[in-house]
$ cat data-v1.pdb   # PDB, C-alpha atoms, pLDDT in the B column
ATOM      1  CA  SER A   1      10.717  -0.134  14.717  1.00 49.00           C
ATOM      2  CA  ARG A   2      11.528   2.212  17.609  1.00 57.00           C
ATOM      3  CA  ASP A   3      14.684   0.179  18.354  1.00 59.00           C
ATOM      4  CA  ALA A   4      16.043   0.030  14.805  1.00 58.00           C
ATOM      5  CA  ARG A   5      19.407   1.720  14.471  1.00 55.00           C
ATOM      6  CA  PRO A   6      20.104   3.353  11.094  1.00 47.00           C
ATOM      7  CA  VAL A   7      23.512   3.003   9.512  1.00 48.00           C
ATOM      8  CA  PRO A   8      25.762   5.884  10.478  1.00 49.00           C
ATOM      9  CA  ALA A   9      25.296   8.415   7.715  1.00 62.00           C
ATOM     10  CA  ALA A  10      24.442  12.045   7.530  1.00 78.00           C
ATOM     11  CA  ALA A  11      20.763  12.959   7.785  1.00 88.00           C
ATOM     12  CA  PRO A  12      18.392  13.483   6.090  1.00 94.00           C
ATOM     13  CA  TYR A  13      17.371   9.919   5.280  1.00 96.00           C
ATOM     14  CA  PRO A  14      15.125   8.804   2.404  1.00 96.00           C
ATOM     15  CA  LEU A  15      11.473   8.114   3.216  1.00 97.00           C
ATOM     16  CA  VAL A  16       9.600   4.896   2.449  1.00 97.00           C
ATOM     17  CA  ALA A  17       5.844   4.458   2.948  1.00 97.00           C
ATOM     18  CA  CYS A  18       4.449   0.956   3.505  1.00 95.00           C
ATOM     19  CA  SER A  19       0.883  -0.349   3.107  1.00 95.00           C
ATOM     20  CA  HIS A  20      -0.174  -3.597   4.799  1.00 92.00           C
ATOM     21  CA  GLY A  21      -2.225  -6.381   3.238  1.00 83.00           C
ATOM     22  CA  HIS A  22      -5.883  -7.240   3.797  1.00 80.00           C
ATOM     23  CA  GLY A  23      -6.530  -7.864   7.483  1.00 70.00           C
ATOM     24  CA  GLY A  24      -2.967  -6.927   8.411  1.00 80.00           C
ATOM     25  CA  ILE A  25      -1.519  -4.150  10.539  1.00 80.00           C
ATOM     26  CA  ARG A  26       0.924  -1.276  10.046  1.00 84.00           C
ATOM     27  CA  TYR A  27       4.066  -3.206  11.040  1.00 76.00           C
ATOM     28  CA  GLN A  28       3.418  -6.122   8.676  1.00 73.00           C
ATOM     29  CA  PRO A  29       5.277  -7.661   7.118  1.00 71.00           C
ATOM     30  CA  PRO A  30       7.602  -7.012  10.081  1.00 75.00           C
ATOM     31  CA  TYR A  31      10.822  -7.795   8.248  1.00 80.00           C
ATOM     32  CA  LEU A  32      10.316  -5.015   5.692  1.00 85.00           C
ATOM     33  CA  PRO A  33      10.025  -1.809   7.771  1.00 87.00           C
ATOM     34  CA  GLU A  34      12.608  -3.038  10.270  1.00 88.00           C
ATOM     35  CA  HIS A  35      15.071  -3.959   7.538  1.00 89.00           C
ATOM     36  CA  LEU A  36      14.598  -0.593   5.831  1.00 91.00           C
ATOM     37  CA  ALA A  37      14.938   1.356   9.091  1.00 89.00           C
ATOM     38  CA  ARG A  38      18.118  -0.539  10.001  1.00 90.00           C
ATOM     39  CA  HIS A  39      19.604   0.415   6.638  1.00 92.00           C
ATOM     40  CA  GLY A  40      19.105   4.147   6.798  1.00 92.00           C
ATOM     41  CA  PHE A  41      15.508   4.793   5.721  1.00 94.00           C
ATOM     42  CA  VAL A  42      12.726   6.521   7.601  1.00 95.00           C
ATOM     43  CA  VAL A  43       9.636   4.321   7.307  1.00 94.00           C
ATOM     44  CA  VAL A  44       6.015   5.383   7.709  1.00 95.00           C
ATOM     45  CA  SER A  45       3.206   2.819   7.865  1.00 93.00           C
ATOM     46  CA  VAL A  46      -0.484   3.202   8.606  1.00 92.00           C
ATOM     47  CA  ASP A  47      -3.318   1.035   9.880  1.00 92.00           C
ATOM     48  CA  HIS A  48      -5.989   1.106   7.178  1.00 90.00           C
ATOM     49  CA  THR A  49      -9.283   1.561   9.061  1.00 87.00           C
ATOM     50  CA  HIS A  50     -11.758  -1.362   8.744  1.00 85.00           C
ATOM     51  CA  ASN A  51      -8.997  -3.463   7.168  1.00 80.00           C
ATOM     52  CA  THR A  52      -6.684  -4.460  10.031  1.00 78.00           C
ATOM     53  CA  PHE A  53      -6.896  -7.711  11.983  1.00 86.00           C
ATOM     54  CA  MET A  54      -8.304  -5.663  14.881  1.00 88.00           C
ATOM     55  CA  ASP A  55     -11.188  -3.962  13.054  1.00 87.00           C
ATOM     56  CA  LEU A  56     -11.703  -5.965   9.836  1.00 77.00           C
ATOM     57  CA  ASP A  57     -15.181  -5.277   8.467  1.00 79.00           C
ATOM     58  CA  MET A  58     -15.840  -6.395   4.907  1.00 80.00           C
ATOM     59  CA  ASP A  59     -18.961  -4.225   4.708  1.00 80.00           C
ATOM     60  CA  PHE A  60     -16.457  -1.402   4.180  1.00 82.00           C
ATOM     61  CA  ALA A  61     -14.393  -3.173   1.477  1.00 83.00           C
ATOM     62  CA  ALA A  62     -15.097  -0.674  -1.307  1.00 85.00           C
ATOM     63  CA  GLN A  63     -14.597   2.283   1.030  1.00 88.00           C
ATOM     64  CA  VAL A  64     -11.292   0.813   2.191  1.00 88.00           C
ATOM     65  CA  LEU A  65     -10.090   0.433  -1.406  1.00 88.00           C
ATOM     66  CA  ALA A  66     -11.060   4.031  -2.108  1.00 90.00           C
ATOM     67  CA  GLU A  67      -9.495   5.463   1.062  1.00 92.00           C
ATOM     68  CA  ARG A  68      -6.235   3.518   1.331  1.00 93.00           C
ATOM     69  CA  PRO A  69      -4.221   5.802  -1.011  1.00 96.00           C
ATOM     70  CA  GLY A  70      -5.351   8.862   0.958  1.00 96.00           C
ATOM     71  CA  ASP A  71      -4.352   7.147   4.222  1.00 96.00           C
ATOM     72  CA  VAL A  72      -0.803   6.809   2.922  1.00 97.00           C
ATOM     73  CA  ARG A  73      -0.693  10.305   1.426  1.00 97.00           C
ATOM     74  CA  ARG A  74      -1.819  11.917   4.695  1.00 96.00           C
ATOM     75  CA  ALA A  75       0.707   9.893   6.709  1.00 97.00           C
ATOM     76  CA  VAL A  76       3.513  11.000   4.393  1.00 98.00           C
ATOM     77  CA  ASP A  77       2.332  14.621   4.606  1.00 97.00           C
ATOM     78  CA  HIS A  78       2.366  14.392   8.400  1.00 97.00           C
ATOM     79  CA  ILE A  79       5.848  12.880   8.591  1.00 96.00           C
ATOM     80  CA  LEU A  80       7.246  15.490   6.210  1.00 97.00           C
ATOM     81  CA  ASP A  81       5.581  18.250   8.224  1.00 96.00           C
ATOM     82  CA  VAL A  82       6.962  16.952  11.534  1.00 96.00           C
ATOM     83  CA  ALA A  83      10.409  16.365  10.034  1.00 95.00           C
ATOM     84  CA  GLY A  84      10.462  19.937   8.756  1.00 94.00           C
ATOM     85  CA  GLY A  85      10.161  21.266  12.315  1.00 93.00           C
ATOM     86  CA  ASP A  86      12.080  20.814  15.537  1.00 92.00           C
ATOM     87  CA  ASP A  87      10.629  17.449  16.558  1.00 92.00           C
ATOM     88  CA  PRO A  88      13.265  15.691  18.759  1.00 90.00           C
ATOM     89  CA  TRP A  89      12.935  12.399  16.846  1.00 88.00           C
ATOM     90  CA  LEU A  90      12.345  13.447  13.253  1.00 91.00           C
ATOM     91  CA  GLY A  91      13.363  17.089  12.932  1.00 94.00           C
ATOM     92  CA  GLY A  92      15.740  17.364   9.979  1.00 94.00           C
ATOM     93  CA  MET A  93      15.841  13.555   9.546  1.00 94.00           C
ATOM     94  CA  VAL A  94      13.693  13.049   6.443  1.00 96.00           C
ATOM     95  CA  ALA A  95      14.648  13.792   2.860  1.00 94.00           C
ATOM     96  CA  GLY A  96      11.517  14.876   1.070  1.00 85.00           C
ATOM     97  CA  PRO A  97       9.169  15.517  -0.489  1.00 95.00           C
ATOM     98  CA  GLN A  98       9.976  12.525  -2.692  1.00 97.00           C
ATOM     99  CA  TYR A  99       9.506   9.043  -1.266  1.00 97.00           C
ATOM    100  CA  ALA A 100       9.376   5.366  -2.173  1.00 97.00           C
ATOM    101  CA  MET A 101       6.279   3.192  -1.744  1.00 96.00           C
ATOM    102  CA  ALA A 102       5.938  -0.504  -0.887  1.00 95.00           C
ATOM    103  CA  GLY A 103       2.987  -2.756  -0.170  1.00 94.00           C
ATOM    104  CA  HIS A 104       1.915  -6.385   0.064  1.00 90.00           C
ATOM    105  CA  SER A 105      -1.285  -7.886  -1.399  1.00 88.00           C
ATOM    106  CA  PHE A 106      -3.995  -5.248  -0.841  1.00 90.00           C
ATOM    107  CA  GLY A 107      -1.120  -2.932   0.042  1.00 92.00           C
ATOM    108  CA  ALA A 108       0.398  -3.702  -3.363  1.00 93.00           C
ATOM    109  CA  VAL A 109      -2.857  -2.553  -4.979  1.00 93.00           C
ATOM    110  CA  THR A 110      -2.600   0.623  -2.896  1.00 95.00           C
ATOM    111  CA  THR A 111       0.997   0.977  -4.100  1.00 96.00           C
ATOM    112  CA  LEU A 112      -0.035   0.566  -7.740  1.00 96.00           C
ATOM    113  CA  ILE A 113      -2.749   3.228  -7.393  1.00 95.00           C
ATOM    114  CA  LEU A 114      -0.389   5.705  -5.743  1.00 96.00           C
ATOM    115  CA  SER A 115       2.238   4.958  -8.400  1.00 96.00           C
ATOM    116  CA  GLY A 116      -0.058   5.896 -11.280  1.00 95.00           C
ATOM    117  CA  GLY A 117      -2.414   2.943 -11.766  1.00 95.00           C
ATOM    118  CA  THR A 118      -5.941   3.831 -12.925  1.00 93.00           C
ATOM    119  CA  LEU A 119      -8.890   1.860 -11.574  1.00 92.00           C
ATOM    120  CA  ASP A 120     -11.438   0.330 -13.930  1.00 92.00           C
ATOM    121  CA  ILE A 121     -14.399  -0.412 -11.655  1.00 89.00           C
ATOM    122  CA  ASP A 122     -16.669  -1.529 -14.525  1.00 90.00           C
ATOM    123  CA  HIS A 123     -14.113  -4.117 -15.618  1.00 91.00           C
ATOM    124  CA  ALA A 124     -13.708  -5.369 -12.041  1.00 89.00           C
ATOM    125  CA  LEU A 125     -17.465  -5.833 -11.678  1.00 88.00           C
ATOM    126  CA  ALA A 126     -17.702  -7.657 -15.022  1.00 91.00           C
ATOM    127  CA  PHE A 127     -14.674  -9.811 -14.174  1.00 89.00           C
ATOM    128  CA  CYS A 128     -16.194 -10.816 -10.851  1.00 87.00           C
ATOM    129  CA  GLU A 129     -19.434 -11.848 -12.514  1.00 87.00           C
ATOM    130  CA  GLU A 130     -17.429 -14.453 -14.415  1.00 89.00           C
ATOM    131  CA  TYR A 131     -14.792 -15.506 -11.878  1.00 84.00           C
ATOM    132  CA  ASP A 132     -15.189 -16.524  -8.248  1.00 76.00           C
ATOM    133  CA  LEU A 133     -12.064 -15.119  -6.628  1.00 77.00           C
ATOM    134  CA  TYR A 134     -11.832 -14.209  -2.930  1.00 74.00           C
ATOM    135  CA  ALA A 135     -11.979 -10.433  -3.370  1.00 75.00           C
ATOM    136  CA  CYS A 136     -14.901 -10.756  -5.782  1.00 78.00           C
ATOM    137  CA  ALA A 137     -17.148 -11.631  -2.855  1.00 71.00           C
ATOM    138  CA  TYR A 138     -16.877  -7.987  -1.773  1.00 70.00           C
ATOM    139  CA  THR A 139     -17.323  -6.074  -5.024  1.00 72.00           C
ATOM    140  CA  GLY A 140     -21.041  -5.383  -4.580  1.00 70.00           C
ATOM    141  CA  THR A 141     -20.518  -1.840  -3.287  1.00 76.00           C
ATOM    142  CA  LEU A 142     -17.695  -0.823  -5.647  1.00 79.00           C
ATOM    143  CA  GLY A 143     -20.085   1.155  -7.836  1.00 76.00           C
ATOM    144  CA  GLU A 144     -21.222   3.192  -4.824  1.00 75.00           C
ATOM    145  CA  ALA A 145     -17.830   4.273  -3.477  1.00 79.00           C
ATOM    146  CA  SER A 146     -16.143   7.601  -4.176  1.00 83.00           C
ATOM    147  CA  PHE A 147     -12.632   7.157  -5.510  1.00 86.00           C
ATOM    148  CA  ASP A 148     -11.536  10.798  -5.253  1.00 86.00           C
ATOM    149  CA  ASP A 149      -8.596   9.788  -3.016  1.00 83.00           C
ATOM    150  CA  ALA A 150      -7.546   6.874  -5.242  1.00 88.00           C
ATOM    151  CA  VAL A 151      -5.130   8.872  -7.372  1.00 91.00           C
ATOM    152  CA  ALA A 152      -1.405   8.924  -8.003  1.00 94.00           C
ATOM    153  CA  ASP A 153       1.050  10.796  -5.813  1.00 96.00           C
ATOM    154  CA  ASP A 154       3.688  12.332  -8.083  1.00 95.00           C
ATOM    155  CA  ARG A 155       6.156  12.516  -5.172  1.00 97.00           C
ATOM    156  CA  ILE A 156       6.716   8.749  -5.462  1.00 97.00           C
ATOM    157  CA  VAL A 157      10.008   7.963  -7.183  1.00 96.00           C
ATOM    158  CA  ALA A 158      10.119   4.164  -6.807  1.00 95.00           C
ATOM    159  CA  SER A 159       7.674   1.442  -5.777  1.00 95.00           C
ATOM    160  CA  VAL A 160       7.605  -2.208  -4.778  1.00 95.00           C
ATOM    161  CA  ALA A 161       4.369  -4.199  -5.181  1.00 93.00           C
ATOM    162  CA  MET A 162       4.557  -7.597  -3.471  1.00 91.00           C
ATOM    163  CA  SER A 163       1.978 -10.209  -4.563  1.00 87.00           C
ATOM    164  CA  PRO A 164      -0.643  -7.735  -5.821  1.00 87.00           C
ATOM    165  CA  GLY A 165      -4.211  -8.867  -5.247  1.00 80.00           C
ATOM    166  CA  ALA A 166      -7.270  -7.849  -7.282  1.00 83.00           C
ATOM    167  CA  TRP A 167      -5.130  -7.134 -10.363  1.00 82.00           C
ATOM    168  CA  TYR A 168      -8.305  -7.146 -12.464  1.00 87.00           C
ATOM    169  CA  ILE A 169      -9.332  -3.825 -10.958  1.00 90.00           C
ATOM    170  CA  PHE A 170      -6.824  -2.151 -13.295  1.00 93.00           C
ATOM    171  CA  GLY A 171      -8.741  -3.164 -16.411  1.00 93.00           C
ATOM    172  CA  PRO A 172      -8.317  -5.809 -19.103  1.00 92.00           C
ATOM    173  CA  ASP A 173      -4.720  -7.029 -19.346  1.00 87.00           C
ATOM    174  CA  GLY A 174      -3.751  -4.426 -16.756  1.00 87.00           C
ATOM    175  CA  ALA A 175      -4.402  -1.530 -19.144  1.00 91.00           C
ATOM    176  CA  GLY A 176      -4.805   0.825 -16.186  1.00 92.00           C
ATOM    177  CA  LEU A 177      -1.168   0.213 -15.213  1.00 91.00           C
ATOM    178  CA  ALA A 178       0.216   1.853 -18.352  1.00 90.00           C
ATOM    179  CA  GLY A 179       1.031   5.014 -16.387  1.00 88.00           C
ATOM    180  CA  VAL A 180       3.049   3.180 -13.732  1.00 90.00           C
ATOM    181  CA  SER A 181       6.831   3.404 -13.984  1.00 83.00           C
ATOM    182  CA  GLU A 182       9.794   2.744 -11.708  1.00 86.00           C
ATOM    183  CA  ILE A 183       8.084  -0.210 -10.024  1.00 89.00           C
ATOM    184  CA  LEU A 184       9.278  -3.654  -8.995  1.00 92.00           C
ATOM    185  CA  VAL A 185       6.602  -6.366  -8.758  1.00 88.00           C
ATOM    186  CA  PHE A 186       7.164  -9.549  -6.725  1.00 86.00           C
ATOM    187  CA  GLY A 187       5.140 -12.745  -6.981  1.00 83.00           C
ATOM    188  CA  GLY A 188       5.617 -16.307  -5.775  1.00 77.00           C
ATOM    189  CA  ASP A 189       5.006 -19.440  -7.827  1.00 76.00           C
ATOM    190  CA  GLN A 190       4.197 -21.292  -4.582  1.00 73.00           C
ATOM    191  CA  ASP A 191       1.938 -18.578  -3.161  1.00 72.00           C
ATOM    192  CA  ALA A 192      -1.315 -20.371  -2.316  1.00 66.00           C
ATOM    193  CA  GLU A 193      -3.313 -17.125  -2.002  1.00 67.00           C
ATOM    194  CA  LEU A 194      -2.068 -14.955  -4.850  1.00 66.00           C
ATOM    195  CA  ASP A 195      -0.785 -17.047  -7.743  1.00 61.00           C
ATOM    196  CA  TYR A 196       2.168 -15.760  -9.692  1.00 58.00           C
ATOM    197  CA  VAL A 197       1.170 -15.313 -13.333  1.00 56.00           C
ATOM    198  CA  GLU A 198       3.917 -14.789 -15.940  1.00 42.00           C
TER     199      GLU A 198
END
$ encode --input "data-v1.pdb" --output "C-alpha cells"
Amino acid sequence: SRDARPVPAAAPYPLVACSHGHGGIRYQPPYLPEHLARHGFVVVSVDHTHNTFMDLDMDFAAQVLAERPGDVRRAVDHILDVAGGDDPWLGGMVAGPQYAMAGHSFGAVTTLILSGGTLDIDHALAFCEEYDLYACAYTGTLGEASFDDAVADDRIVASVAMSPGAWYIFGPDGAGLAGVSEILVFGGDQDAELDYVE
C-alpha cells in the first residue's frame, strides 16, 4: 500500500514477497500486504499473467504454474536492485538478499515451489485421472510445459502457505515437499473451496 506507514525503526526493512491466488490480483488478499507494510516490512507482489481477474485464461494454466515462481524471483531481483541504488522511495530501505515468501491458494503452491517443493507432474496427471477436483480440469497441458523456472530460491528464509491448492502436484503424500523447511501452512476447516485435511 502506498499509504502504509511503517513502524518507526531504522532502515533497512525485511522484504516479503506475496503471490496471489487463482484469478486474483497483486494486492490480494489486501489485509496481508497492508498489515506487513504497516509493521515495518517492504512487500513486493506481482500480477501473474493470464491468472488475474483481469486476464484469466485457463488455456495458459500449465504455463502459469511453470512461470509463477520466476515472476516472483524477478520481482524480488528488481526490488533488491532498486533498493541498492539511490531510488527516492526504496534506496537503502530493503534488507536483502534474504526474504520471506507468502501466498494464498495457487499462490501457496507458488510459495511451496520457491521454498523447495519439487513438482511431480506424472503423479498430478495420474491423480487427476482418478479424482475430479477443480484444478484437474486444466491439467491436460501439464506434460507440455517447461518447468525450468519452477525451482527453489535459496534466498527465502521463511514462508507462509495459506490454503494450498493442487497439493497433489507435489507427489504421493506430499513427497515432493520433503525439502521444504521453515514454512507455516494455514488451512480452514470451513473453507468451502480448499478443504483442510489433517
$ atom_distance --input "data-v1.pdb" --atom1 "atom CA of Val16 of chain A" --atom2 "atom CA of His50 of chain A"
23.1 Å
$ resolve_selection --input "data-v1.pdb" --expression "the PyMOL selection byres ((chain A and resi 59) around 12)" --output "PyMOL selection string"
chain A and resi 50-51+55-58+60-65+137-142+145
$ resolve_selection --input "data-v1.pdb" --expression "the PyMOL selection byres ((chain A and resi 81-86) around 12)" --output "number ranges by chain"
A: 11-15, 42, 74-80, 87-97
$ resolve_selection --input "data-v1.pdb" --expression "the PyMOL selection byres ((chain A and resi 73) around 12)" --output "ChimeraX atom specification"
/A:16-19,44-46,67-72,74-80,97-101,110-111,113-115,149-156
$ closest_atom_pairs --input "data-v1.pdb" --of "segment 59-162 of chain A" --to "segment 176-185 of chain A" --cutoff "7 Å" --atoms "all atoms listed in the file" --output "CSV"
residue,atom,partner,partner_atom,distance
A:Ser115,CA,A:Val180,CA,5.7
A:Gly116,CA,A:Val180,CA,4.8
A:Gly117,CA,A:Leu177,CA,4.6
A:Thr118,CA,A:Gly176,CA,4.6
A:Leu119,CA,A:Gly176,CA,6.2
A:Val157,CA,A:Glu182,CA,6.9
A:Ala158,CA,A:Glu182,CA,5.1
A:Ser159,CA,A:Ile183,CA,4.6
A:Val160,CA,A:Leu184,CA,4.8
A:Ala161,CA,A:Val185,CA,4.7
A:Met162,CA,A:Val185,CA,5.8
$ atom_distance --input "data-v1.pdb" --atom1 "atom CA of Gly23 of chain A" --atom2 "atom CA of Trp167 of chain A"
17.9 Å
$ axis_aligned_box --input "data-v1.pdb" --around "segment 78-94 of chain A" --padding-each-side "3 Å" --output "lines of an AutoDock Vina configuration file"
center_x = 9.1
center_y = 16.8
center_z = 12.5
size_x = 19.5
size_y = 14.9
size_z = 18.5
$ closest_residue --input "data-v1.pdb" --among "A:Tyr27, A:Phe53, A:Ala124, A:Ala10" --to "Gly40 of chain A" --atoms "all atoms listed in the file"
A:Ala10
$ atom_distance --input "data-v1.pdb" --atom1 "atom CA of Ser105 of chain A" --atom2 "atom CA of Gly165 of chain A"
4.9 Å
$ closest_residue --input "data-v1.pdb" --among "A:Asp120, A:Asp189, A:Asp47, A:Glu130" --to "Asp173 of chain A" --atoms "only C-alpha atoms"
A:Asp120
$ closest_residue --input "data-v1.pdb" --among "A:Met54, A:Ala66, A:Ile121, A:Ala135" --to "Arg26 of chain A" --atoms "only C-alpha atoms"
A:Met54
$ closest_residue --input "data-v1.pdb" --among "A:Gly171, A:Gly103, A:Gly188, A:Gly21" --to "Phe127 of chain A" --atoms "all atoms listed in the file"
A:Gly171
$ closest_residue --input "data-v1.pdb" --among "A:Asp132, A:Pro30, A:Pro164, A:Pro172" --to "Ala108 of chain A" --atoms "all atoms listed in the file"
A:Pro164
$ closest_residue --input "data-v1.pdb" --among "A:Val43, A:Ala37, A:Gly187, A:Thr52" --to "Ile25 of chain A" --atoms "all atoms listed in the file"
A:Thr52
$ build_atoms --input "data-v1.pdb" --residues "segment 153-163 of chain A" --atoms "all heavy atoms" --output "short mmCIF file (atom, residue, chain, number, x, y, z; two decimals), in the frame of the given file"
data_model
loop_
_atom_site.label_atom_id
_atom_site.label_comp_id
_atom_site.auth_asym_id
_atom_site.auth_seq_id
_atom_site.Cartn_x
_atom_site.Cartn_y
_atom_site.Cartn_z
N ASP A 153 0.29 9.79 -6.54
CA ASP A 153 1.05 10.80 -5.81
C ASP A 153 2.36 10.99 -6.58
O ASP A 153 3.20 10.09 -6.60
CB ASP A 153 1.32 10.35 -4.38
CG ASP A 153 1.95 11.43 -3.52
OD1 ASP A 153 2.52 12.39 -4.09
OD2 ASP A 153 1.88 11.33 -2.28
N ASP A 154 2.52 12.13 -7.22
CA ASP A 154 3.69 12.33 -8.08
C ASP A 154 4.98 12.52 -7.31
O ASP A 154 6.05 12.69 -7.90
CB ASP A 154 3.46 13.49 -9.06
CG ASP A 154 3.20 14.82 -8.38
OD1 ASP A 154 3.37 14.92 -7.14
OD2 ASP A 154 2.80 15.77 -9.08
N ARG A 155 4.92 12.46 -5.97
CA ARG A 155 6.16 12.52 -5.17
C ARG A 155 6.84 11.15 -5.11
O ARG A 155 8.00 11.06 -4.70
CB ARG A 155 5.84 13.00 -3.75
CG ARG A 155 5.29 14.41 -3.70
CD ARG A 155 4.87 14.78 -2.29
NE ARG A 155 3.76 13.93 -1.82
CZ ARG A 155 3.19 14.04 -0.62
NH1 ARG A 155 3.64 14.96 0.24
NH2 ARG A 155 2.19 13.26 -0.27
N ILE A 156 6.14 10.10 -5.52
CA ILE A 156 6.72 8.75 -5.46
C ILE A 156 7.74 8.58 -6.58
O ILE A 156 7.45 8.84 -7.75
CB ILE A 156 5.61 7.68 -5.57
CG1 ILE A 156 4.72 7.74 -4.33
CG2 ILE A 156 6.21 6.29 -5.74
CD1 ILE A 156 3.53 6.80 -4.37
N VAL A 157 8.93 8.12 -6.20
CA VAL A 157 10.01 7.96 -7.18
C VAL A 157 10.34 6.50 -7.46
O VAL A 157 11.01 6.19 -8.45
CB VAL A 157 11.29 8.72 -6.74
CG1 VAL A 157 11.04 10.22 -6.75
CG2 VAL A 157 11.76 8.26 -5.37
N ALA A 158 9.89 5.60 -6.61
CA ALA A 158 10.12 4.16 -6.81
C ALA A 158 9.10 3.40 -5.97
O ALA A 158 8.70 3.88 -4.91
CB ALA A 158 11.53 3.77 -6.40
N SER A 159 8.70 2.22 -6.47
CA SER A 159 7.67 1.44 -5.78
C SER A 159 7.98 -0.04 -5.85
O SER A 159 8.59 -0.51 -6.80
CB SER A 159 6.30 1.68 -6.42
OG SER A 159 5.96 3.03 -6.38
N VAL A 160 7.50 -0.76 -4.82
CA VAL A 160 7.60 -2.21 -4.78
C VAL A 160 6.22 -2.76 -4.46
O VAL A 160 5.64 -2.44 -3.41
CB VAL A 160 8.62 -2.68 -3.71
CG1 VAL A 160 8.66 -4.20 -3.67
CG2 VAL A 160 10.00 -2.10 -3.98
N ALA A 161 5.68 -3.56 -5.37
CA ALA A 161 4.37 -4.20 -5.18
C ALA A 161 4.60 -5.69 -4.99
O ALA A 161 5.03 -6.38 -5.92
CB ALA A 161 3.46 -3.94 -6.38
N MET A 162 4.31 -6.19 -3.79
CA MET A 162 4.56 -7.60 -3.47
C MET A 162 3.24 -8.37 -3.53
O MET A 162 2.30 -8.06 -2.79
CB MET A 162 5.19 -7.72 -2.08
CG MET A 162 6.53 -7.04 -1.97
SD MET A 162 7.18 -6.97 -0.28
CE MET A 162 6.22 -5.60 0.37
N SER A 163 3.17 -9.35 -4.40
CA SER A 163 1.98 -10.21 -4.56
C SER A 163 0.69 -9.39 -4.66
O SER A 163 -0.19 -9.50 -3.82
CB SER A 163 1.87 -11.20 -3.40
OG SER A 163 2.99 -12.04 -3.35
#
